[in-house]
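Below is work17.cif, which holds mmCIF, C-alpha atoms (C1' of nucleotides).
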data_model
loop_
_atom_site.label_atom_id
_atom_site.label_comp_id
_atom_site.auth_asym_id
_atom_site.auth_seq_id
_atom_site.Cartn_x
_atom_site.Cartn_y
_atom_site.Cartn_z
CA MET A 70 -11.21 17.85 21.87
CA SER A 71 -10.92 18.68 18.21
CA ASN A 72 -7.62 16.90 18.61
CA VAL A 73 -9.40 13.74 19.71
CA ASP A 74 -11.89 14.19 16.89
CA THR A 75 -9.25 14.17 14.21
CA ARG A 76 -7.55 11.18 15.78
CA VAL A 77 -10.73 9.13 15.88
CA ALA A 78 -11.76 10.27 12.43
CA GLY A 79 -8.23 9.47 11.32
CA ARG A 80 -8.50 5.82 12.22
CA ASP A 81 -11.54 5.38 10.04
CA ALA A 82 -10.15 7.64 7.38
CA ALA A 83 -6.83 5.84 6.95
CA ALA A 84 -8.52 2.66 5.77
CA LEU A 85 -10.63 4.64 3.33
CA PHE A 86 -7.68 6.57 1.98
CA ALA A 87 -5.73 3.34 1.62
CA ALA A 88 -8.57 1.84 -0.40
CA LEU A 89 -8.42 4.80 -2.75
CA GLY A 90 -4.63 4.82 -2.90
CA ASP A 91 -4.48 2.80 -6.08
CA PRO A 92 -5.12 4.14 -9.59
CA THR A 93 -7.10 1.07 -10.59
CA ARG A 94 -9.43 1.26 -7.63
CA LEU A 95 -9.82 4.97 -8.09
CA SER A 96 -10.94 4.48 -11.67
CA LEU A 97 -13.28 1.68 -10.64
CA LEU A 98 -14.84 4.02 -8.13
CA THR A 99 -15.10 6.76 -10.72
CA ALA A 100 -16.78 4.34 -13.11
CA LEU A 101 -19.32 3.40 -10.44
CA SER A 102 -19.97 6.94 -9.28
CA ASP A 103 -22.14 7.56 -12.34
CA GLY A 104 -24.83 5.66 -10.49
CA ARG A 105 -25.03 2.57 -12.67
CA PRO A 106 -24.36 -0.70 -10.79
CA SER A 107 -21.98 -2.79 -12.86
CA SER A 108 -20.96 -6.41 -13.09
CA ILE A 109 -17.38 -7.54 -12.64
CA SER A 110 -17.05 -8.45 -16.30
CA SER A 111 -18.29 -5.12 -17.52
CA LEU A 112 -15.87 -3.37 -15.17
CA SER A 113 -12.90 -5.48 -16.24
CA GLY A 114 -13.78 -5.24 -19.92
CA GLY A 115 -11.87 -2.36 -21.46
CA THR A 116 -9.06 -2.58 -18.92
CA GLU A 117 -5.76 -4.41 -19.15
CA LEU A 118 -6.56 -6.34 -16.02
CA THR A 119 -7.83 -9.83 -15.63
CA ARG A 120 -11.25 -10.36 -14.18
CA GLN A 121 -9.73 -11.77 -11.00
CA ALA A 122 -7.58 -8.71 -10.46
CA VAL A 123 -10.66 -6.52 -10.73
CA THR A 124 -12.48 -8.83 -8.34
CA LYS A 125 -9.73 -8.33 -5.78
CA HIS A 126 -9.86 -4.57 -6.12
CA LEU A 127 -13.63 -4.58 -5.76
CA THR A 128 -13.28 -6.68 -2.63
CA VAL A 129 -10.91 -4.10 -1.19
CA LEU A 130 -13.35 -1.32 -1.99
CA GLU A 131 -16.22 -3.29 -0.52
CA ARG A 132 -14.37 -4.06 2.71
CA ALA A 133 -13.69 -0.35 3.02
CA GLY A 134 -17.39 0.25 2.55
CA LEU A 135 -16.95 2.35 -0.57
CA VAL A 136 -19.00 0.02 -2.75
CA GLU A 137 -21.56 -2.68 -2.15
CA SER A 138 -22.55 -5.71 -4.16
CA ILE A 139 -25.64 -7.77 -4.73
CA LYS A 140 -26.03 -10.98 -6.65
CA VAL A 141 -28.31 -10.72 -9.66
CA GLY A 142 -28.64 -14.09 -11.30
CA ARG A 143 -25.15 -15.21 -12.19
CA GLU A 144 -23.79 -11.69 -11.95
CA SER A 145 -22.48 -9.62 -9.06
CA HIS A 146 -23.59 -6.03 -9.30
CA TYR A 147 -21.34 -3.48 -7.63
CA SER A 148 -22.53 -0.01 -6.78
CA PHE A 149 -21.09 3.13 -5.30
CA ARG A 150 -21.77 4.12 -1.68
CA ARG A 151 -21.66 7.83 -1.32
CA ASP A 152 -21.86 8.01 2.48
CA ARG A 153 -18.33 6.77 3.06
CA ILE A 154 -16.93 9.52 0.90
CA ASP A 155 -18.26 11.99 3.41
CA ILE A 156 -16.01 10.57 6.12
CA MET A 157 -12.99 11.38 4.02
CA ARG A 158 -14.31 14.78 3.17
CA ALA A 159 -14.86 15.46 6.84
CA TYR A 160 -11.33 14.43 7.63
CA LEU A 161 -9.82 16.64 4.94
CA ASP A 162 -12.04 19.50 5.99
CA GLY A 163 -10.83 19.06 9.57
CA VAL A 164 -7.20 19.13 8.57
CA SER A 165 -7.74 22.15 6.37
CA ARG A 166 -9.64 23.97 9.07
CA GLN A 167 -6.93 23.28 11.62
CA TRP A 168 -4.44 24.69 9.19
CA ASP A 169 -6.52 27.76 8.52
CA ASP A 170 -6.90 28.35 12.24
CA ALA A 171 -3.17 28.07 12.70
CA LEU A 172 -2.60 30.66 10.01
CA GLU A 173 -5.16 32.93 11.61
CA ARG A 174 -3.45 32.67 14.99
CA LEU A 175 -0.13 33.45 13.37
CA ARG A 176 -1.60 36.49 11.66
CA ALA A 177 -3.15 37.73 14.89
CA PHE A 178 0.17 37.26 16.65
CA VAL A 179 2.18 39.08 14.03
CA GLU A 180 -0.24 41.99 13.87
CA ARG A 181 -0.37 42.40 17.61
CA MET B 43 -15.47 16.11 -20.31
CA SER B 44 -16.19 15.83 -16.63
CA ASN B 45 -15.24 12.24 -17.26
CA VAL B 46 -11.83 13.33 -18.46
CA ASP B 47 -11.53 15.70 -15.53
CA THR B 48 -12.02 13.00 -12.95
CA ARG B 49 -9.61 10.73 -14.77
CA VAL B 50 -6.87 13.34 -14.87
CA ALA B 51 -7.52 14.39 -11.29
CA GLY B 52 -7.57 10.71 -10.44
CA ARG B 53 -3.99 10.16 -11.51
CA ASP B 54 -2.74 12.86 -9.18
CA ALA B 55 -5.19 11.92 -6.50
CA ALA B 56 -4.24 8.24 -6.27
CA ALA B 57 -0.72 9.08 -5.11
CA LEU B 58 -2.09 11.50 -2.55
CA PHE B 59 -4.64 9.05 -1.22
CA ALA B 60 -1.97 6.37 -1.04
CA ALA B 61 0.22 8.68 1.01
CA LEU B 62 -2.62 9.18 3.47
CA GLY B 63 -3.52 5.51 3.52
CA ASP B 64 -1.48 4.76 6.61
CA PRO B 65 -2.46 5.60 10.18
CA THR B 66 1.06 6.69 11.10
CA ARG B 67 1.33 9.10 8.21
CA LEU B 68 -2.15 10.39 8.86
CA SER B 69 -1.24 11.23 12.43
CA LEU B 70 2.01 12.84 11.30
CA LEU B 71 0.02 15.00 8.96
CA THR B 72 -2.45 15.84 11.69
CA ALA B 73 0.41 16.79 13.97
CA LEU B 74 1.81 19.10 11.31
CA SER B 75 -1.51 20.62 10.37
CA ASP B 76 -1.45 22.77 13.50
CA GLY B 77 0.95 24.98 11.58
CA ARG B 78 4.10 24.38 13.58
CA PRO B 79 7.01 23.01 11.53
CA SER B 80 8.57 20.12 13.43
CA SER B 81 11.84 18.25 13.44
CA ILE B 82 12.04 14.53 12.86
CA SER B 83 13.04 13.87 16.45
CA SER B 84 10.18 15.85 17.88
CA LEU B 85 7.78 14.00 15.61
CA SER B 86 9.15 10.58 16.52
CA GLY B 87 9.36 11.41 20.21
CA GLY B 88 6.21 10.21 21.95
CA THR B 89 5.55 7.51 19.37
CA GLU B 90 6.54 3.86 19.41
CA LEU B 91 8.39 4.26 16.18
CA THR B 92 12.08 4.66 15.57
CA ARG B 93 13.36 7.87 14.12
CA GLN B 94 14.17 6.13 10.85
CA ALA B 95 10.65 4.82 10.48
CA VAL B 96 9.31 8.33 10.90
CA THR B 97 11.86 9.59 8.40
CA LYS B 98 10.58 7.13 5.84
CA HIS B 99 6.98 8.17 6.39
CA LEU B 100 7.90 11.81 6.09
CA THR B 101 9.69 11.06 2.84
CA VAL B 102 6.55 9.43 1.50
CA LEU B 103 4.51 12.46 2.49
CA GLU B 104 7.04 14.79 0.96
CA ARG B 105 7.17 12.92 -2.34
CA ALA B 106 3.39 13.17 -2.45
CA GLY B 107 3.76 16.89 -1.88
CA LEU B 108 1.78 16.90 1.34
CA VAL B 109 4.64 18.24 3.42
CA GLU B 110 7.84 20.08 2.71
CA SER B 111 11.12 20.24 4.58
CA ILE B 112 13.87 22.72 5.10
CA LYS B 113 17.17 22.27 6.85
CA VAL B 114 17.63 24.44 9.92
CA GLY B 115 21.04 23.87 11.38
CA ARG B 116 21.32 20.20 12.12
CA GLU B 117 17.57 19.73 12.04
CA SER B 118 15.11 19.07 9.25
CA HIS B 119 11.92 21.02 9.71
CA TYR B 120 8.82 19.52 8.16
CA SER B 121 5.72 21.52 7.52
CA PHE B 122 2.25 20.95 6.16
CA ARG B 123 1.29 21.97 2.64
CA ARG B 124 -2.36 22.77 2.48
CA ASP B 125 -2.66 23.16 -1.27
CA ARG B 126 -2.32 19.45 -2.00
CA ILE B 127 -5.25 18.67 0.26
CA ASP B 128 -7.39 20.68 -2.11
CA ILE B 129 -6.66 18.24 -4.94
CA MET B 130 -8.10 15.42 -2.89
CA ARG B 131 -11.07 17.48 -1.86
CA ALA B 132 -11.70 18.33 -5.49
CA TYR B 133 -11.58 14.67 -6.41
CA LEU B 134 -14.00 13.65 -3.67
CA ASP B 135 -16.29 16.56 -4.50
CA GLY B 136 -16.27 15.47 -8.14
CA VAL B 137 -17.19 11.90 -7.32
CA SER B 138 -19.90 13.03 -4.93
CA ARG B 139 -21.32 15.45 -7.44
CA GLN B 140 -21.39 12.82 -10.17
CA TRP B 141 -23.27 10.59 -7.78
CA ASP B 142 -25.71 13.29 -6.83
CA ASP B 143 -26.37 14.05 -10.49
CA ALA B 144 -27.03 10.37 -11.16
CA LEU B 145 -29.56 10.28 -8.35
CA GLU B 146 -31.21 13.40 -9.66
CA ARG B 147 -31.52 11.92 -13.13
CA LEU B 148 -32.98 8.77 -11.66
CA ARG B 149 -35.51 10.79 -9.67
CA ALA B 150 -36.51 12.77 -12.73
CA PHE B 151 -36.92 9.58 -14.69
CA VAL B 152 -39.07 7.88 -12.05
CA GLU B 153 -41.30 10.92 -11.57
CA ARG B 154 -41.82 11.38 -15.26
"C1'" DG C 96 -29.75 -30.75 -22.63
"C1'" DG C 97 -25.45 -28.59 -23.40
"C1'" DG C 98 -22.29 -25.03 -24.49
"C1'" DA C 99 -21.04 -20.45 -23.15
"C1'" DA C 100 -20.98 -16.60 -19.95
"C1'" DA C 101 -20.17 -14.99 -15.10
"C1'" DG C 102 -17.72 -15.61 -11.39
"C1'" DG C 103 -15.96 -17.95 -6.94
"C1'" DC C 104 -11.77 -20.30 -4.79
"C1'" DA C 105 -7.13 -21.32 -4.09
"C1'" DA C 106 -2.26 -21.61 -4.95
"C1'" DC C 107 1.54 -19.20 -6.43
"C1'" DT C 108 4.92 -15.36 -7.84
"C1'" DT C 109 6.66 -10.80 -7.61
"C1'" DT C 110 6.85 -6.14 -5.76
"C1'" DT C 111 6.09 -2.95 -2.47
"C1'" DT C 112 5.88 -1.50 2.11
"C1'" DG C 113 6.83 -0.76 6.88
"C1'" DG C 114 10.09 -1.42 9.89
"C1'" DT C 115 14.69 -2.51 11.90
"C1'" DT C 116 19.83 -2.15 12.94
"C1'" DG C 117 24.40 -0.32 12.24
"C1'" DC C 118 27.37 3.18 11.02
"C1'" DC C 119 28.84 7.63 9.41
"C1'" DT C 120 28.56 12.94 9.11
"C1'" DT C 121 27.20 17.40 10.71
"C1'" DT C 122 26.04 20.66 14.16
"C1'" DC C 123 25.55 22.39 18.70
"C1'" DC C 124 27.08 24.00 23.07
"C1'" DA C 125 29.02 23.41 28.00
"C1'" DT D 138 37.31 21.07 21.99
"C1'" DG D 139 34.92 17.05 22.62
"C1'" DG D 140 30.82 14.66 23.69
"C1'" DA D 141 25.94 14.59 22.68
"C1'" DA D 142 22.08 15.55 19.67
"C1'" DA D 143 20.08 15.31 14.92
"C1'" DG D 144 19.87 12.91 11.13
"C1'" DG D 145 21.43 10.82 6.50
"C1'" DC D 146 22.55 6.28 4.17
"C1'" DA D 147 22.45 1.50 3.24
"C1'" DA D 148 21.55 -3.23 4.02
"C1'" DC D 149 18.40 -6.20 5.52
"C1'" DC D 150 13.85 -8.61 6.97
"C1'" DA D 151 8.99 -9.88 7.18
"C1'" DA D 152 4.52 -9.18 5.89
"C1'" DA D 153 1.16 -7.40 2.80
"C1'" DA D 154 -0.37 -6.22 -1.74
"C1'" DA D 155 -1.02 -6.84 -6.71
"C1'" DG D 156 -1.51 -9.81 -10.06
"C1'" DT D 157 -1.52 -14.35 -12.46
"C1'" DT D 158 -3.11 -19.15 -13.71
"C1'" DG D 159 -5.97 -23.15 -13.20
"C1'" DC D 160 -10.07 -25.25 -12.02
"C1'" DC D 161 -14.70 -25.69 -10.30
"C1'" DT D 162 -19.77 -24.13 -9.81
"C1'" DT D 163 -23.81 -21.67 -11.17
"C1'" DT D 164 -26.77 -19.59 -14.44
"C1'" DC D 165 -28.40 -18.46 -18.87
"C1'" DC D 166 -30.51 -19.40 -23.15
"C1'" DC D 167 -30.47 -21.62 -28.04
#

Before anything else, please render the file you have as structure tokens.
Amino acid sequence: MSNVDTRVAGRDAAALFAALGDPTRLSLLTALSDGRPSSISSLSGGTELTRQAVTKHLTVLERAGLVESIKVGRESHYSFRRDRIDIMRAYLDGVSRQWDDALERLRAFVER
Amino acid sequence: MSNVDTRVAGRDAAALFAALGDPTRLSLLTALSDGRPSSISSLSGGTELTRQAVTKHLTVLERAGLVESIKVGRESHYSFRRDRIDIMRAYLDGVSRQWDDALERLRAFVER
DNA sequence: GGGAAAGGCAACTTTTTGGTTGCCTTTCCA
DNA sequence: TGGAAAGGCAACCAAAAAGTTGCCTTTCCC
């Protein structure tokens, strides 16, 4: 049952982890997590990357549901979506808990 | 300062997230998180994958520090390393907290 | 109105990744 | 002691990812 849980959660989680598995995307997400929606240009300014490269990374993050975008005039404003982070946290918590339980069982066995 | 923190943590974290950004590796990690060290054959048995494919995934996980291996006779025993999970949790907690703080500041501003 | 800023779209190149097959070495155990 | 089990190593392949360049459209604002 908890086995099924982690497997189901894992399917969702893998895509999220993959989206974060790139230093550039991770820093984009960090930049957005301060709450200020940002345009593509402002996000690519200050980096070594071209605007198009940043666009691609933002698209990856958006498909994973980690950010969302709205058009404001000629700009696209990207913003952080906190809720998806919780899925990853839940997955990591599950793995950690399973590990802790395993250790506990081992301890109980040894001390028997 | 907390900005620097997330950036430093981010460098480590990206590699870890990347290692988890694959369904196969995620299920390998889940299998190992029950505390029982497993051989490559036992991990590849029951899956559609060849032994070599599993070996490669385990190598990725090991380079990321998420598992470790020891040789036992002719077998390689892989086991879960919980400590690295904490780095990812810390990163996600940091991002979430930054987001929560931003919301709080916004609320305070609006209610002023 | 017209130039500049913001960005979408598409083609293309280069690496990386996920996976395979084949072969060799080491270890186990009947 | 000799086959079978476990697995390392290397070459290879195909698809995906990361990034670039070029060009076109939309919007802003002087």

Selection under test: the PyMOL selection byres ((chain A) within 8 of (chain B)); residues as number ranges by chain: A: 75-76, 79-80, 82-92, 95-96, 99, 102-104, 151, 154, 158, 161, 164-165, 167-168, 170-172

Written as a PDB file with C-alpha atoms (C1' of nucleotides), keeping the file's coordinate frame, which residues does the PyMOL selection byres ((chain D) within 7 of (chain A)) give for the file shown?
ATOM      1  C1'  DG D 156      -1.510  -9.810 -10.060  1.00  0.00           C
ATOM      2  C1'  DT D 163     -23.810 -21.670 -11.170  1.00  0.00           C
ATOM      3  C1'  DT D 164     -26.770 -19.590 -14.440  1.00  0.00           C
TER       4       DT D 164
END

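If all atoms listed in the file are the atoms counted, then among B:Ser86, B:Arg93, B:Ser118, B:Val102 the closest residue to C:DT116 is B:Arg93.
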
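Going from atom C1' of C:DG114 over to atom C1' of D:DC146, you cover 15.7 Å.
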
Proximity check chain C to chain B, 12 Å, nearest pairs one decimal Å, only C-alpha atoms (C1' of nucleotides), as a Markdown table:
| residue | atom | partner | partner_atom | distance |
| --- | --- | --- | --- | --- |
| C:DT112 | C1' | B:Lys98 | CA | 10.5 |
| C:DG113 | C1' | B:Ala95 | CA | 7.7 |
| C:DG114 | C1' | B:Ala95 | CA | 6.3 |
| C:DT115 | C1' | B:Thr92 | CA | 8.5 |
| C:DT116 | C1' | B:Gln94 | CA | 10.2 |
| C:DT120 | C1' | B:Arg116 | CA | 10.7 |
| C:DT121 | C1' | B:Arg116 | CA | 6.7 |
| C:DT122 | C1' | B:Arg116 | CA | 5.2 |
| C:DC123 | C1' | B:Arg116 | CA | 8.1 |

Please produce an output containing C-alpha atoms (C1' of nucleotides) for each residue in the selection, written as an mmCIF file, in the frame of the given file.
data_model
loop_
_atom_site.group_PDB
_atom_site.id
_atom_site.type_symbol
_atom_site.label_atom_id
_atom_site.label_comp_id
_atom_site.auth_asym_id
_atom_site.auth_seq_id
_atom_site.Cartn_x
_atom_site.Cartn_y
_atom_site.Cartn_z
ATOM 1 C "C1'" DT C 112 5.880 -1.500 2.110
ATOM 2 C "C1'" DG C 113 6.830 -0.760 6.880
ATOM 3 C "C1'" DG C 114 10.090 -1.420 9.890
ATOM 4 C "C1'" DT C 115 14.690 -2.510 11.900
ATOM 5 C "C1'" DT C 116 19.830 -2.150 12.940
ATOM 6 C "C1'" DT C 120 28.560 12.940 9.110
ATOM 7 C "C1'" DT C 121 27.200 17.400 10.710
ATOM 8 C "C1'" DT C 122 26.040 20.660 14.160
ATOM 9 C "C1'" DC C 123 25.550 22.390 18.700
#

Point-to-point distance from atom CA of B:Leu70 to atom CA of B:Arg105, Å rounded to tenths: 14.6 Å

Residue IDs satisfying the PyMOL selection byres ((chain D and resi 161) around 9), as number ranges by chain: C: 103-104; D: 160, 162

Polymer residues at most 12 Å from D:DA147, only C-alpha atoms (C1' of nucleotides), same-chain spacing of 4 or more positions, as number ranges by chain: C: 116-119

Atom CA of A:Ser111 to atom CA of A:Ser148, straight-line distance in Å: 12.6 Å
